[in-house]
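Enquirer: Structure: protein_0.pdb, PDB, C-alpha atoms, pLDDT in the B column.
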ATOM      1  CA  MET A   1     -26.181   6.365  10.569  1.00 51.00           C
ATOM      2  CA  GLY A   2     -24.609   3.440   8.680  1.00 60.00           C
ATOM      3  CA  ARG A   3     -21.618   1.574  10.013  1.00 61.00           C
ATOM      4  CA  LEU A   4     -19.340   2.645   7.136  1.00 53.00           C
ATOM      5  CA  ALA A   5     -20.266   6.296   7.605  1.00 56.00           C
ATOM      6  CA  GLU A   6     -19.647   5.972  11.331  1.00 61.00           C
ATOM      7  CA  ASP A   7     -16.244   4.343  10.719  1.00 57.00           C
ATOM      8  CA  VAL A   8     -15.294   7.128   8.294  1.00 52.00           C
ATOM      9  CA  ARG A   9     -16.462   9.800  10.731  1.00 59.00           C
ATOM     10  CA  GLU A  10     -14.507   8.216  13.571  1.00 62.00           C
ATOM     11  CA  GLY A  11     -11.386   8.011  11.400  1.00 59.00           C
ATOM     12  CA  ARG A  12     -11.279   4.216  11.409  1.00 57.00           C
ATOM     13  CA  MET A  13     -11.678   3.836   7.672  1.00 49.00           C
ATOM     14  CA  ASP A  14     -11.346   5.784   4.428  1.00 48.00           C
ATOM     15  CA  ARG A  15     -14.418   6.418   2.305  1.00 49.00           C
ATOM     16  CA  ASP A  16     -13.393   3.689  -0.149  1.00 50.00           C
ATOM     17  CA  GLY A  17     -13.570   0.973   2.490  1.00 50.00           C
ATOM     18  CA  GLY A  18     -10.082   1.261   3.934  1.00 55.00           C
ATOM     19  CA  ASN A  19      -7.904   0.919   0.840  1.00 57.00           C
ATOM     20  CA  GLY A  20      -7.007   4.601   0.499  1.00 68.00           C
ATOM     21  CA  GLY A  21      -3.875   4.267   2.576  1.00 79.00           C
ATOM     22  CA  ILE A  22      -2.717   1.273   0.591  1.00 81.00           C
ATOM     23  CA  ARG A  23      -3.282   3.049  -2.711  1.00 82.00           C
ATOM     24  CA  THR A  24      -1.481   6.139  -1.459  1.00 86.00           C
ATOM     25  CA  PHE A  25       1.425   3.997  -0.269  1.00 87.00           C
ATOM     26  CA  ALA A  26       1.662   2.195  -3.624  1.00 85.00           C
ATOM     27  CA  ALA A  27       1.528   5.491  -5.519  1.00 87.00           C
ATOM     28  CA  GLY A  28       4.280   6.851  -3.271  1.00 89.00           C
ATOM     29  CA  ILE A  29       6.443   3.827  -3.973  1.00 90.00           C
ATOM     30  CA  LEU A  30       5.952   4.210  -7.719  1.00 89.00           C
ATOM     31  CA  ILE A  31       6.674   7.937  -7.702  1.00 91.00           C
ATOM     32  CA  GLY A  32       9.717   7.414  -5.485  1.00 91.00           C
ATOM     33  CA  ALA A  33      11.052   4.734  -7.816  1.00 89.00           C
ATOM     34  CA  LEU A  34      10.649   6.997 -10.848  1.00 89.00           C
ATOM     35  CA  VAL A  35      12.281   9.979  -9.148  1.00 90.00           C
ATOM     36  CA  GLY A  36      15.091   7.772  -7.876  1.00 88.00           C
ATOM     37  CA  ALA A  37      15.660   6.343 -11.343  1.00 82.00           C
ATOM     38  CA  GLY A  38      15.863   9.820 -12.833  1.00 83.00           C
ATOM     39  CA  ILE A  39      18.337  11.018 -10.225  1.00 85.00           C
ATOM     40  CA  ALA A  40      20.417   7.879 -10.654  1.00 76.00           C
ATOM     41  CA  LEU A  41      20.696   8.556 -14.383  1.00 76.00           C
ATOM     42  CA  LEU A  42      21.929  12.078 -13.710  1.00 79.00           C
ATOM     43  CA  VAL A  43      24.582  11.259 -11.108  1.00 80.00           C
ATOM     44  CA  ALA A  44      25.571   7.682 -11.944  1.00 69.00           C
ATOM     45  CA  PRO A  45      29.285   6.986 -12.392  1.00 76.00           C
ATOM     46  CA  SER A  46      28.486   3.798 -14.351  1.00 71.00           C
ATOM     47  CA  SER A  47      27.901   3.495 -18.074  1.00 78.00           C
ATOM     48  CA  GLY A  48      24.386   4.093 -19.356  1.00 78.00           C
ATOM     49  CA  GLU A  49      23.791   0.415 -20.025  1.00 85.00           C
ATOM     50  CA  GLU A  50      24.945  -0.667 -16.561  1.00 85.00           C
ATOM     51  CA  THR A  51      22.926   2.112 -14.942  1.00 79.00           C
ATOM     52  CA  ARG A  52      19.790   0.996 -16.788  1.00 84.00           C
ATOM     53  CA  ARG A  53      20.325  -2.572 -15.580  1.00 89.00           C
ATOM     54  CA  GLN A  54      20.761  -1.387 -11.994  1.00 86.00           C
ATOM     55  CA  ILE A  55      17.651   0.759 -12.198  1.00 83.00           C
ATOM     56  CA  ALA A  56      15.651  -2.111 -13.670  1.00 91.00           C
ATOM     57  CA  ARG A  57      16.793  -4.433 -10.852  1.00 94.00           C
ATOM     58  CA  ARG A  58      15.925  -1.869  -8.203  1.00 91.00           C
ATOM     59  CA  ALA A  59      12.557  -1.159  -9.792  1.00 90.00           C
ATOM     60  CA  ARG A  60      11.727  -4.876  -9.835  1.00 94.00           C
ATOM     61  CA  ARG A  61      12.723  -5.155  -6.167  1.00 93.00           C
ATOM     62  CA  LEU A  62      10.640  -2.115  -5.244  1.00 90.00           C
ATOM     63  CA  ALA A  63       7.659  -3.456  -7.167  1.00 92.00           C
ATOM     64  CA  ALA A  64       7.954  -6.841  -5.446  1.00 93.00           C
ATOM     65  CA  ASP A  65       8.242  -5.153  -2.036  1.00 92.00           C
ATOM     66  CA  ALA A  66       5.205  -2.987  -2.791  1.00 91.00           C
ATOM     67  CA  ARG A  67       3.199  -6.050  -3.860  1.00 92.00           C
ATOM     68  CA  ASP A  68       4.198  -7.889  -0.680  1.00 93.00           C
ATOM     69  CA  ARG A  69       3.264  -4.937   1.539  1.00 92.00           C
ATOM     70  CA  TYR A  70      -0.018  -4.495  -0.312  1.00 91.00           C
ATOM     71  CA  GLU A  71      -0.899  -8.179   0.152  1.00 93.00           C
ATOM     72  CA  ASP A  72       0.075  -8.025   3.841  1.00 93.00           C
ATOM     73  CA  ALA A  73      -2.085  -4.947   4.406  1.00 92.00           C
ATOM     74  CA  ARG A  74      -4.968  -6.509   2.478  1.00 93.00           C
ATOM     75  CA  HIS A  75      -4.733  -9.664   4.583  1.00 93.00           C
ATOM     76  CA  GLU A  76      -4.646  -7.669   7.832  1.00 93.00           C
ATOM     77  CA  LEU A  77      -7.649  -5.622   6.716  1.00 93.00           C
ATOM     78  CA  LYS A  78      -9.576  -8.780   5.877  1.00 93.00           C
ATOM     79  CA  GLN A  79      -8.785 -10.230   9.310  1.00 94.00           C
ATOM     80  CA  ALA A  80      -9.808  -7.005  11.042  1.00 93.00           C
ATOM     81  CA  ARG A  81     -13.118  -6.937   9.160  1.00 93.00           C
ATOM     82  CA  GLU A  82     -13.773 -10.561  10.106  1.00 93.00           C
ATOM     83  CA  ARG A  83     -12.972  -9.861  13.791  1.00 93.00           C
ATOM     84  CA  ARG A  84     -15.259  -6.837  13.759  1.00 93.00           C
ATOM     85  CA  ARG A  85     -18.050  -8.862  12.114  1.00 91.00           C
ATOM     86  CA  ARG A  86     -17.724 -11.604  14.762  1.00 92.00           C
ATOM     87  CA  GLU A  87     -17.670  -9.044  17.587  1.00 90.00           C
ATOM     88  CA  HIS A  88     -20.779  -7.412  16.171  1.00 88.00           C
ATOM     89  CA  GLU A  89     -22.542 -10.787  15.900  1.00 88.00           C
ATOM     90  CA  ASP A  90     -21.511 -11.688  19.452  1.00 86.00           C
ATOM     91  CA  ALA A  91     -22.771  -8.352  20.774  1.00 86.00           C
ATOM     92  CA  SER A  92     -26.049  -8.734  18.900  1.00 84.00           C
ATOM     93  CA  ALA A  93     -26.585 -12.289  20.143  1.00 80.00           C
ATOM     94  CA  GLY A  94     -25.651 -11.563  23.742  1.00 64.00           C
TER      95      GLY A  94
END
Could you write out this structure as structure tokens?
Expert:
Amino acid sequence: MGRLAEDVREGRMDRDGGNGGIRTFAAGILIGALVGAGIALLVAPSSGEETRRQIARRARRLAADARDRYEDARHELKQARERRRREHEDASAG
């Protein structure tokens, strides 16, 4: 059995190589931002123009946070893959 299939079976990795959780997280952030924006429009005490500015600011912040978290997760995944590759090489050599 291949290593990827074994990792998937053992629950260590999604079928797409480990990015499924990141994609799901990013989709959740986007959906949450859209729902939040809609609710804010319905219950906002501010004028429409001010509310739109606030929503735009919040959306930009959320997008930046999502990008940062995505990059952090990607970096951690890359490091974990490299560690696993080195461990595998060490085990094979020793």
Enquirer: Expanded to explicit residues, what is the PyMOL selection byres ((chain A and resi 64-81) around 8) for this file, as a ChimeraX atom specification?
Expert: /A:18,22,26,29,60-63,82-85
Enquirer: Would you compute the distance between CA of Arg57 (chain A) and CA of Ala33 (chain A)? Give it in Å to one decimal.
Expert: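 Taking CA of Arg57 (chain A) as the start and CA of Ala33 (chain A) as the end point, the length is 11.2 Å.
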Enquirer: If the box runs along x, y and z of the file and leaves 3 Å on each side of region 76-81 of chain A, what are its centre and edge lengths in Å, one decimal, as AutoDock Vina command-line options?
Expert:
--center_x -8.9 --center_y -7.9 --center_z 8.5 --size_x 14.5 --size_y 10.6 --size_z 11.2
Enquirer: CA of Glu49 (chain A) and CA of Gly32 (chain A) are how many Å apart?
Expert: 21.4 Å
Enquirer: Using all atoms listed in the file, which protein or nucleic acid residues come within 12 Å of Leu42 (chain A)? Drop anything in the same chain fewer than 6 positions from it, and give the result as a PyMOL selection string.
Expert: chain A and resi 35-36+48+51-52
